[in-house]
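Dumped run_25.pdb below, it's PDB, C-alpha atoms and all ligand atoms:
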```pdb
ATOM      1  CA  MET A   1      96.226  67.782 118.168  1.00  0.00           C
ATOM      2  CA  SER A   2      96.075  66.174 114.755  1.00  0.00           C
ATOM      3  CA  GLU A   3      95.841  68.455 111.752  1.00  0.00           C
ATOM      4  CA  LEU A   4      94.742  67.508 108.242  1.00  0.00           C
ATOM      5  CA  SER A   5      97.233  67.282 105.423  1.00  0.00           C
ATOM      6  CA  ALA A   6      97.393  70.311 103.126  1.00  0.00           C
ATOM      7  CA  HIS A   7      95.822  68.146 100.410  1.00  0.00           C
ATOM      8  CA  GLU A   8      92.851  67.154 102.565  1.00  0.00           C
ATOM      9  CA  ALA A   9      92.315  70.730 103.727  1.00  0.00           C
ATOM     10  CA  ILE A  10      92.433  72.163 100.182  1.00  0.00           C
ATOM     11  CA  TYR A  11      90.106  69.558  98.718  1.00  0.00           C
ATOM     12  CA  SER A  12      87.469  69.773 101.419  1.00  0.00           C
ATOM     13  CA  LEU A  13      87.409  73.505 102.134  1.00  0.00           C
ATOM     14  CA  ARG A  14      84.076  75.057 101.373  1.00  0.00           C
ATOM     15  CA  ALA A  15      81.873  77.823 102.719  1.00  0.00           C
ATOM     16  CA  MET A  16      80.480  76.697 106.089  1.00  0.00           C
ATOM     17  CA  ARG A  17      77.573  78.996 106.830  1.00  0.00           C
ATOM     18  CA  ARG A  18      75.882  76.892 109.500  1.00  0.00           C
ATOM     19  CA  LEU A  19      78.021  77.105 112.621  1.00  0.00           C
ATOM     20  CA  ARG A  20      77.532  75.915 116.167  1.00  0.00           C
ATOM     21  CA  ARG A  21      77.375  78.562 118.866  1.00  0.00           C
ATOM     22  CA  ASP A  22      79.949  77.000 121.181  1.00  0.00           C
ATOM     23  CA  PRO A  23      83.143  79.037 121.487  1.00  0.00           C
ATOM     24  CA  VAL A  24      86.305  78.462 119.507  1.00  0.00           C
ATOM     25  CA  ALA A  25      89.418  78.059 121.663  1.00  0.00           C
ATOM     26  CA  ASP A  26      91.601  81.160 121.788  1.00  0.00           C
ATOM     27  CA  GLU A  27      94.541  78.977 120.853  1.00  0.00           C
ATOM     28  CA  ASP A  28      92.786  77.941 117.622  1.00  0.00           C
ATOM     29  CA  LEU A  29      91.990  81.569 116.798  1.00  0.00           C
ATOM     30  CA  ARG A  30      95.612  82.545 117.384  1.00  0.00           C
ATOM     31  CA  TYR A  31      96.768  79.611 115.255  1.00  0.00           C
ATOM     32  CA  ILE A  32      94.632  80.517 112.255  1.00  0.00           C
ATOM     33  CA  VAL A  33      95.582  84.203 112.367  1.00  0.00           C
ATOM     34  CA  ASN A  34      99.221  83.226 112.654  1.00  0.00           C
ATOM     35  CA  ALA A  35      98.780  80.981 109.605  1.00  0.00           C
ATOM     36  CA  ALA A  36      97.336  83.977 107.741  1.00  0.00           C
ATOM     37  CA  THR A  37     100.458  85.983 108.485  1.00  0.00           C
ATOM     38  CA  GLN A  38     102.671  83.381 106.816  1.00  0.00           C
ATOM     39  CA  ALA A  39     101.220  84.351 103.419  1.00  0.00           C
ATOM     40  CA  PRO A  40     103.091  86.314 100.767  1.00  0.00           C
ATOM     41  CA  SER A  41     102.310  89.978 100.074  1.00  0.00           C
ATOM     42  CA  ALA A  42     103.624  92.378  97.438  1.00  0.00           C
ATOM     43  CA  SER A  43     107.128  93.573  98.469  1.00  0.00           C
ATOM     44  CA  ASN A  44     106.483  91.640 101.677  1.00  0.00           C
ATOM     45  CA  SER A  45     104.431  94.644 102.776  1.00  0.00           C
ATOM     46  CA  GLN A  46     102.340  92.695 105.328  1.00  0.00           C
ATOM     47  CA  ASP A  47     100.040  95.678 105.649  1.00  0.00           C
ATOM     48  CA  TRP A  48      97.333  93.573 107.241  1.00  0.00           C
ATOM     49  CA  ALA A  49      95.498  93.511 110.537  1.00  0.00           C
ATOM     50  CA  PHE A  50      93.050  90.942 111.889  1.00  0.00           C
ATOM     51  CA  ILE A  51      90.319  91.941 114.300  1.00  0.00           C
ATOM     52  CA  VAL A  52      89.091  88.829 116.098  1.00  0.00           C
ATOM     53  CA  VAL A  53      85.658  89.571 117.477  1.00  0.00           C
ATOM     54  CA  THR A  54      84.250  87.222 120.118  1.00  0.00           C
ATOM     55  CA  ASP A  55      82.408  89.756 122.293  1.00  0.00           C
ATOM     56  CA  PRO A  56      78.685  88.911 121.945  1.00  0.00           C
ATOM     57  CA  ALA A  57      77.534  92.553 121.921  1.00  0.00           C
ATOM     58  CA  LEU A  58      79.946  93.452 119.132  1.00  0.00           C
ATOM     59  CA  ARG A  59      79.019  90.333 117.145  1.00  0.00           C
ATOM     60  CA  GLN A  60      75.407  91.356 117.516  1.00  0.00           C
ATOM     61  CA  GLN A  61      76.123  94.814 116.116  1.00  0.00           C
ATOM     62  CA  LEU A  62      78.102  93.415 113.183  1.00  0.00           C
ATOM     63  CA  GLY A  63      75.397  90.815 112.603  1.00  0.00           C
ATOM     64  CA  GLU A  64      72.745  93.530 112.445  1.00  0.00           C
ATOM     65  CA  ILE A  65      74.732  95.573 109.909  1.00  0.00           C
ATOM     66  CA  TYR A  66      75.317  92.457 107.809  1.00  0.00           C
ATOM     67  CA  ARG A  67      71.644  91.495 108.062  1.00  0.00           C
ATOM     68  CA  ARG A  68      70.463  94.866 106.816  1.00  0.00           C
ATOM     69  CA  ILE A  69      72.750  94.635 103.780  1.00  0.00           C
ATOM     70  CA  GLY A  70      71.711  91.058 103.045  1.00  0.00           C
ATOM     71  CA  ILE A  71      67.988  91.807 103.276  1.00  0.00           C
ATOM     72  CA  GLU A  72      68.355  94.822 101.001  1.00  0.00           C
ATOM     73  CA  ARG A  73      70.757  93.399  98.427  1.00  0.00           C
ATOM     74  CA  ILE A  74      70.092  89.678  98.432  1.00  0.00           C
ATOM     75  CA  ARG A  75      66.572  88.920  99.712  1.00  0.00           C
ATOM     76  CA  ASP A  76      64.803  92.022  98.379  1.00  0.00           C
ATOM     77  CA  GLY A  77      67.332  92.633  95.586  1.00  0.00           C
ATOM     78  CA  ALA A  78      68.925  89.747  93.713  1.00  0.00           C
ATOM     79  CA  LEU A  79      66.524  87.012  94.836  1.00  0.00           C
ATOM     80  CA  ALA A  80      63.382  89.089  94.429  1.00  0.00           C
ATOM     81  CA  SER A  81      64.394  90.192  90.933  1.00  0.00           C
ATOM     82  CA  GLY A  82      63.573  86.776  89.467  1.00  0.00           C
ATOM     83  CA  ARG A  83      66.447  87.276  87.047  1.00  0.00           C
ATOM     84  CA  LEU A  84      68.898  84.817  88.579  1.00  0.00           C
ATOM     85  CA  SER A  85      69.742  81.454  87.074  1.00  0.00           C
ATOM     86  CA  GLU A  86      68.791  78.521  89.294  1.00  0.00           C
ATOM     87  CA  ASP A  87      72.467  77.973  90.196  1.00  0.00           C
ATOM     88  CA  MET A  88      72.968  81.595  91.177  1.00  0.00           C
ATOM     89  CA  ALA A  89      69.709  81.643  93.120  1.00  0.00           C
ATOM     90  CA  LYS A  90      70.999  78.631  95.043  1.00  0.00           C
ATOM     91  CA  VAL A  91      74.216  80.483  95.971  1.00  0.00           C
ATOM     92  CA  TYR A  92      72.248  83.542  97.085  1.00  0.00           C
ATOM     93  CA  ARG A  93      69.833  81.434  99.128  1.00  0.00           C
ATOM     94  CA  ARG A  94      72.841  79.917 100.877  1.00  0.00           C
ATOM     95  CA  ALA A  95      74.260  83.382 101.468  1.00  0.00           C
ATOM     96  CA  MET A  96      70.976  84.263 103.215  1.00  0.00           C
ATOM     97  CA  ILE A  97      71.727  81.628 105.874  1.00  0.00           C
ATOM     98  CA  LEU A  98      74.611  83.801 107.019  1.00  0.00           C
ATOM     99  CA  VAL A  99      72.639  87.003 106.604  1.00  0.00           C
ATOM    100  CA  GLU A 100      70.157  85.673 109.166  1.00  0.00           C
ATOM    101  CA  ASN A 101      72.709  84.098 111.518  1.00  0.00           C
ATOM    102  CA  LEU A 102      76.035  85.898 111.344  1.00  0.00           C
ATOM    103  CA  ALA A 103      76.030  87.005 114.982  1.00  0.00           C
ATOM    104  CA  GLU A 104      75.655  83.398 116.145  1.00  0.00           C
ATOM    105  CA  ALA A 105      79.105  82.506 114.887  1.00  0.00           C
ATOM    106  CA  PRO A 106      81.307  82.391 118.010  1.00  0.00           C
ATOM    107  CA  ALA A 107      84.046  84.402 116.306  1.00  0.00           C
ATOM    108  CA  LEU A 108      84.075  86.911 113.482  1.00  0.00           C
ATOM    109  CA  ILE A 109      87.392  87.867 111.972  1.00  0.00           C
ATOM    110  CA  VAL A 110      87.534  91.179 110.153  1.00  0.00           C
ATOM    111  CA  VAL A 111      90.519  91.344 107.834  1.00  0.00           C
ATOM    112  CA  ALA A 112      91.875  94.852 107.317  1.00  0.00           C
ATOM    113  CA  LEU A 113      94.442  96.160 104.899  1.00  0.00           C
ATOM    114  CA  ARG A 114      96.331  99.448 105.101  1.00  0.00           C
ATOM    115  CA  GLY A 115      95.595 101.896 102.295  1.00  0.00           C
ATOM    116  CA  SER A 116      92.891 101.787  99.671  1.00  0.00           C
ATOM    117  CA  HIS A 117      92.490 100.165  96.302  1.00  0.00           C
ATOM    118  CA  PRO A 118      94.635 102.002  93.695  1.00  0.00           C
ATOM    119  CA  GLU A 119      93.204 102.576  90.204  1.00  0.00           C
ATOM    120  CA  ASN A 120      96.494 101.678  88.514  1.00  0.00           C
ATOM    121  CA  GLY A 121      96.431  98.092  87.164  1.00  0.00           C
ATOM    122  CA  VAL A 122      99.712  96.849  88.590  1.00  0.00           C
ATOM    123  CA  GLU A 123      99.234  98.449  91.989  1.00  0.00           C
ATOM    124  CA  GLY A 124      95.554  97.592  92.089  1.00  0.00           C
ATOM    125  CA  CYS A 125      96.337  93.942  91.495  1.00  0.00           C
ATOM    126  CA  ALA A 126      99.081  93.964  94.118  1.00  0.00           C
ATOM    127  CA  TYR A 127      96.789  95.632  96.665  1.00  0.00           C
ATOM    128  CA  TYR A 128      94.089  92.959  96.893  1.00  0.00           C
ATOM    129  CA  GLY A 129      96.629  90.347  95.850  1.00  0.00           C
ATOM    130  CA  SER A 130      98.420  91.088  99.096  1.00  0.00           C
ATOM    131  CA  ILE A 131      95.551  90.023 101.307  1.00  0.00           C
ATOM    132  CA  PHE A 132      93.681  87.129  99.710  1.00  0.00           C
ATOM    133  CA  PRO A 133      96.577  84.664 100.092  1.00  0.00           C
ATOM    134  CA  ALA A 134      96.483  85.430 103.833  1.00  0.00           C
ATOM    135  CA  ILE A 135      92.718  84.932 103.908  1.00  0.00           C
ATOM    136  CA  GLN A 136      93.027  81.589 102.156  1.00  0.00           C
ATOM    137  CA  ASN A 137      95.751  80.524 104.616  1.00  0.00           C
ATOM    138  CA  LEU A 138      93.463  81.469 107.476  1.00  0.00           C
ATOM    139  CA  MET A 139      90.583  79.432 106.096  1.00  0.00           C
ATOM    140  CA  LEU A 140      92.770  76.407 105.335  1.00  0.00           C
ATOM    141  CA  ALA A 141      94.297  76.544 108.810  1.00  0.00           C
ATOM    142  CA  ALA A 142      90.795  76.684 110.274  1.00  0.00           C
ATOM    143  CA  ARG A 143      89.750  73.730 108.119  1.00  0.00           C
ATOM    144  CA  SER A 144      92.789  71.800 109.305  1.00  0.00           C
ATOM    145  CA  ARG A 145      91.483  72.136 112.866  1.00  0.00           C
ATOM    146  CA  GLY A 146      87.926  71.210 111.925  1.00  0.00           C
ATOM    147  CA  LEU A 147      86.661  74.804 112.044  1.00  0.00           C
ATOM    148  CA  GLY A 148      84.279  76.180 109.438  1.00  0.00           C
ATOM    149  CA  THR A 149      84.640  79.577 107.769  1.00  0.00           C
ATOM    150  CA  THR A 150      83.076  81.601 104.960  1.00  0.00           C
ATOM    151  CA  LEU A 151      84.858  84.355 103.113  1.00  0.00           C
ATOM    152  CA  THR A 152      82.422  87.267 102.939  1.00  0.00           C
ATOM    153  CA  THR A 153      82.725  90.766 101.525  1.00  0.00           C
ATOM    154  CA  LEU A 154      79.109  91.905 101.754  1.00  0.00           C
ATOM    155  CA  HIS A 155      79.911  94.135 104.749  1.00  0.00           C
ATOM    156  CA  LYS A 156      81.695  96.488 102.313  1.00  0.00           C
ATOM    157  CA  ALA A 157      78.284  97.974 101.500  1.00  0.00           C
ATOM    158  CA  ARG A 158      78.288  99.506 104.999  1.00  0.00           C
ATOM    159  CA  GLU A 159      81.982  99.442 105.734  1.00  0.00           C
ATOM    160  CA  ALA A 160      82.017 102.745 107.619  1.00  0.00           C
ATOM    161  CA  GLU A 161      79.567 101.305 110.165  1.00  0.00           C
ATOM    162  CA  VAL A 162      81.689  98.175 110.616  1.00  0.00           C
ATOM    163  CA  LYS A 163      84.801 100.276 111.125  1.00  0.00           C
ATOM    164  CA  ALA A 164      83.010 102.469 113.667  1.00  0.00           C
ATOM    165  CA  VAL A 165      81.838  99.463 115.710  1.00  0.00           C
ATOM    166  CA  LEU A 166      85.367  98.085 115.914  1.00  0.00           C
ATOM    167  CA  GLY A 167      87.303 101.367 116.068  1.00  0.00           C
ATOM    168  CA  ILE A 168      89.287 100.558 112.923  1.00  0.00           C
ATOM    169  CA  PRO A 169      91.437 103.564 111.935  1.00  0.00           C
ATOM    170  CA  ASP A 170      90.819 105.503 108.708  1.00  0.00           C
ATOM    171  CA  GLU A 171      94.043 104.353 107.065  1.00  0.00           C
ATOM    172  CA  PHE A 172      92.788 100.754 106.995  1.00  0.00           C
ATOM    173  CA  ASP A 173      90.321  99.293 104.518  1.00  0.00           C
ATOM    174  CA  THR A 174      88.357  96.217 105.523  1.00  0.00           C
ATOM    175  CA  VAL A 175      88.538  93.436 102.968  1.00  0.00           C
ATOM    176  CA  ALA A 176      86.669  90.504 104.451  1.00  0.00           C
ATOM    177  CA  LEU A 177      84.512  89.429 107.341  1.00  0.00           C
ATOM    178  CA  ILE A 178      84.954  85.760 108.183  1.00  0.00           C
ATOM    179  CA  PRO A 179      82.727  83.898 110.624  1.00  0.00           C
ATOM    180  CA  VAL A 180      84.567  81.040 112.346  1.00  0.00           C
ATOM    181  CA  GLY A 181      83.067  78.166 114.298  1.00  0.00           C
ATOM    182  CA  HIS A 182      82.531  74.457 114.615  1.00  0.00           C
ATOM    183  CA  PRO A 183      80.425  73.404 111.651  1.00  0.00           C
ATOM    184  CA  ARG A 184      76.899  72.098 111.838  1.00  0.00           C
ATOM    185  CA  GLY A 185      77.138  70.869 108.272  1.00  0.00           C
ATOM    186  CA  ARG A 186      79.361  68.153 106.834  1.00  0.00           C
ATOM    187  CA  TRP A 187      82.585  68.666 104.958  1.00  0.00           C
ATOM    188  CA  GLY A 188      82.610  67.539 101.384  1.00  0.00           C
ATOM    189  CA  ARG A 189      84.375  68.081  98.153  1.00  0.00           C
ATOM    190  CA  PRO A 190      83.324  71.490  96.791  1.00  0.00           C
ATOM    191  CA  LEU A 191      81.652  71.667  93.398  1.00  0.00           C
ATOM    192  CA  ARG A 192      84.216  73.049  90.950  1.00  0.00           C
ATOM    193  CA  THR A 193      84.772  73.089  87.203  1.00  0.00           C
ATOM    194  CA  PRO A 194      87.359  70.430  86.308  1.00  0.00           C
ATOM    195  CA  SER A 195      90.768  72.059  85.893  1.00  0.00           C
ATOM    196  CA  SER A 196      91.197  70.351  82.515  1.00  0.00           C
ATOM    197  CA  GLU A 197      88.425  72.609  81.167  1.00  0.00           C
ATOM    198  CA  ILE A 198      90.241  75.817  82.021  1.00  0.00           C
ATOM    199  CA  THR A 199      93.856  74.806  81.446  1.00  0.00           C
ATOM    200  CA  HIS A 200      95.656  75.784  78.246  1.00  0.00           C
ATOM    201  CA  TRP A 201      98.976  74.211  77.368  1.00  0.00           C
ATOM    202  CA  ASP A 202     101.556  76.525  75.792  1.00  0.00           C
ATOM    203  CA  ARG A 203      98.889  78.422  73.852  1.00  0.00           C
ATOM    204  CA  TRP A 204      95.333  79.478  74.524  1.00  0.00           C
ATOM    205  CA  GLY A 205      92.936  76.823  73.326  1.00  0.00           C
ATOM    206  CA  GLN A 206      95.441  73.966  73.348  1.00  0.00           C
ATOM    207  CA  ARG A 207      93.824  71.481  75.670  1.00  0.00           C
ATOM    208  CA  SER A 208      96.434  68.834  76.173  1.00  0.00           C
ATOM    209  CA  ALA A 209     100.132  68.992  76.907  1.00  0.00           C
ATOM    210  CA  ASN A 210     101.131  67.014  73.795  1.00  0.00           C
ATOM    211  CA  SER A 211      98.658  68.050  71.097  1.00  0.00           C
TER     212      SER A 211
HETATM  213  C1  LIG B   1      85.704  87.418  97.101  1.00  0.00           C
HETATM  214  C2  LIG B   1      84.596  86.558  97.698  1.00  0.00           C
HETATM  215  C3  LIG B   1      83.521  87.181  98.314  1.00  0.00           C
HETATM  216  C4  LIG B   1      82.511  86.428  98.892  1.00  0.00           C
HETATM  217  N1  LIG B   1      81.493  87.069  99.552  1.00  0.00           N
HETATM  218  C5  LIG B   1      80.536  86.349 100.157  1.00  0.00           C
HETATM  219  C6  LIG B   1      79.517  86.987 100.907  1.00  0.00           C
HETATM  220  O1  LIG B   1      79.480  88.214 101.026  1.00  0.00           O
HETATM  221  N2  LIG B   1      78.592  86.217 101.531  1.00  0.00           N
HETATM  222  C7  LIG B   1      78.623  84.850 101.453  1.00  0.00           C
HETATM  223  O2  LIG B   1      77.758  84.198 102.054  1.00  0.00           O
HETATM  224  N3  LIG B   1      79.580  84.210 100.745  1.00  0.00           N
HETATM  225  C8  LIG B   1      80.538  84.920 100.108  1.00  0.00           C
HETATM  226  N4  LIG B   1      81.537  84.281  99.422  1.00  0.00           N
HETATM  227  C9  LIG B   1      81.572  82.809  99.394  1.00  0.00           C
HETATM  228  C10 LIG B   1      81.195  82.244  98.030  1.00  0.00           C
HETATM  229  O3  LIG B   1      79.829  82.418  97.799  1.00  0.00           O
HETATM  230  C11 LIG B   1      81.572  80.761  98.001  1.00  0.00           C
HETATM  231  O4  LIG B   1      82.967  80.650  98.198  1.00  0.00           O
HETATM  232  C12 LIG B   1      81.194  80.098  96.701  1.00  0.00           C
HETATM  233  O5  LIG B   1      79.803  80.141  96.507  1.00  0.00           O
HETATM  234  C13 LIG B   1      81.643  78.649  96.674  1.00  0.00           C
HETATM  235  O6  LIG B   1      81.062  77.974  97.759  1.00  0.00           O
HETATM  236  P1  LIG B   1      81.667  76.595  98.277  1.00  0.00           P
HETATM  237  O7  LIG B   1      83.092  76.864  98.645  1.00  0.00           O
HETATM  238  O8  LIG B   1      80.818  76.202  99.453  1.00  0.00           O
HETATM  239  O9  LIG B   1      81.575  75.628  97.157  1.00  0.00           O
HETATM  240  C14 LIG B   1      82.565  85.004  98.849  1.00  0.00           C
HETATM  241  C15 LIG B   1      83.665  84.386  98.240  1.00  0.00           C
HETATM  242  C16 LIG B   1      84.669  85.142  97.686  1.00  0.00           C
HETATM  243  C17 LIG B   1      85.870  84.440  97.069  1.00  0.00           C
END
```
For the structure just supplied, provide its representation as structure tokens.
Amino acid sequence: MSELSAHEAIYSLRAMRRLRRDPVADEDLRYIVNAATQAPSASNSQDWAFIVVTDPALRQQLGEIYRRIGIERIRDGALASGRLSEDMAKVYRRAMILVENLAEAPALIVVALRGSHPENGVEGCAYYGSIFPAIQNLMLAARSRGLGTTLTTLHKAREAEVKAVLGIPDEFDTVALIPVGHPRGRWGRPLRTPSSEITHWDRWGQRSANS
């Protein structure tokens, strides 16, 4: 199996919300979760768990929960408000694709993290900071095998229901719900602000290394 270089994976990773229904090989799912577990975490805590959901009935239940949130918050909330910029409206319209089709993704990975978000700045930062590197690893590993993903957090609005469906214990928070599948859409360079516009050399506001 040929995998992409890290460079190619990083520069072509984007949210893939249109996924084919055909199953993802178990070996690929194991590979991407294993890649997630190579990530750093504060004090090497590794307090994570990954629930890989392929069972159609469970995907259906998660899809229904996600759909209800999306209809309420995005379709009838943000989009209906008429207060979004055109760019933001575009992002929300894309998010609706997943709201309507989440259950069709052949695999949904729920990423869980032991504990809950501390108020304290240092600990709070370390808490979520200990899971998003793993999530990014997972998505890059999926990309390297030609699999599409989208990082979503919308399920948090009804997290208790998600946890009940999957039997996730109380001591774990869920951080993300990631559909995984073979993409319908094409890969392409994601639209991002050029790094030169947000890089400061030595001091804030200094735009070039030698000025
Ligand atoms: C913390 C976080 C939460 C996100 N939550 C959602 C979500 O709930 N639903 C969704 O469709 N996309 C979600 N996204 C995906 C973003 O909308 C997407 O990464 C962004 O619009 C850039 O898209 P692109 O990578 O295709 O360019 C989330 C991304 C991040 C980093």
Result set of the PyMOL selection byres (((chain A and resi 31) around 12) and not hetatm) on the coordinates above, as a compact mmCIF listing (two decimals) with C-alpha atoms, keeping the file's coordinate frame:
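The resulting file, selection37.txt, is reproduced below:
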```txt
# COMPACT_ATOMS: atom_id res chain seq x y z
CA GLU A 3 95.84 68.46 111.75
CA VAL A 24 86.30 78.46 119.51
CA ALA A 25 89.42 78.06 121.66
CA ASP A 26 91.60 81.16 121.79
CA GLU A 27 94.54 78.98 120.85
CA ASP A 28 92.79 77.94 117.62
CA LEU A 29 91.99 81.57 116.80
CA ARG A 30 95.61 82.54 117.38
CA ILE A 32 94.63 80.52 112.26
CA VAL A 33 95.58 84.20 112.37
CA ASN A 34 99.22 83.23 112.65
CA ALA A 35 98.78 80.98 109.60
CA ALA A 36 97.34 83.98 107.74
CA THR A 37 100.46 85.98 108.48
CA GLN A 38 102.67 83.38 106.82
CA ASN A 137 95.75 80.52 104.62
CA LEU A 138 93.46 81.47 107.48
CA MET A 139 90.58 79.43 106.10
CA LEU A 140 92.77 76.41 105.34
CA ALA A 141 94.30 76.54 108.81
CA ALA A 142 90.80 76.68 110.27
CA ARG A 143 89.75 73.73 108.12
CA SER A 144 92.79 71.80 109.30
CA ARG A 145 91.48 72.14 112.87
CA LEU A 147 86.66 74.80 112.04
```
- Message: the PyMOL selection byres (((chain A and resi 189-198) around 10) and not hetatm) - which residues does that actually catch in the file I just gave you? List them as number ranges by chain.
- Response: A: 8, 10-15, 187-188, 199-200, 204-205, 207-208
- Item | Expected selection as a PyMOL selection string for ligand LIG 1 (chain B) within 8 Å, all atoms listed in the file | chain A and resi 13-17+91-92+94-99+150-155+176+190-192
- Message: Could you tell me how far atom CA of A:Arg158 sits from atom CA of A:Gly77, in Å to one decimal place?
- Response: 16.0 Å
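Here, the PyMOL selection byres (((chain A and resi 47-58) around 7) and not hetatm) matches Ser45, Gln46, Arg59, Gln60, Gln61, Leu62, Pro106, Ala107, Leu108, Ile109, Val110, Val111, Ala112, Leu113 and Arg114 of chain A.
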Take every atom of stretch 99-104 of chain A listed in the file, pad by 5 Å on each side, and give me the axis-aligned box centre and edge lengths in Å, one decimal, as lines of an AutoDock Vina configuration file.
```
center_x = 73.1
center_y = 85.2
center_z = 111.4
size_x = 15.9
size_y = 13.6
size_z = 19.5
```
- Query: What is the distance, in Å and to one decimal place, between atom CA of A:His7 and atom CA of A:Gly148?
  - Reply: 16.7 Å
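Closest to A:Val162 among A:Val175, A:Val122, A:Thr149, A:Asn44 is A:Val175, based on only C-alpha atoms.
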- d(atom CA of A:Tyr127, atom CA of A:Ile168) in Å: 18.6 Å
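Residues of protein, DNA or RNA having at least one counted atom within 6 Å of (79.7, 73.6, 109.8), given only C-alpha atoms, are Met16, Arg18, Leu19, Gly148, His182, Pro183, Arg184 and Gly185 of chain A.
For the residues A:Glu72, A:Ala209, A:Trp201, A:Ala103, ranking by smallest atom-to-atom distance to A:Ile178 using all atoms listed in the file places A:Ala103 first.
Of the listed residues A:Glu161, A:Pro23, A:Arg75, A:Gln136, the one whose atoms come nearest to A:Ala9 is A:Gln136, with distances taken using only C-alpha atoms.
Between A:Glu64 and the candidates A:Ala126, A:Glu100, A:Ser85, A:Lys156, the tightest atom-to-atom separation, counting all atoms listed in the file, involves A:Glu100.
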- Could you check which of A:Val180, A:Ala134, A:Ala42, A:Leu84 is closest to A:Gly146, using only C-alpha atoms? A:Val180
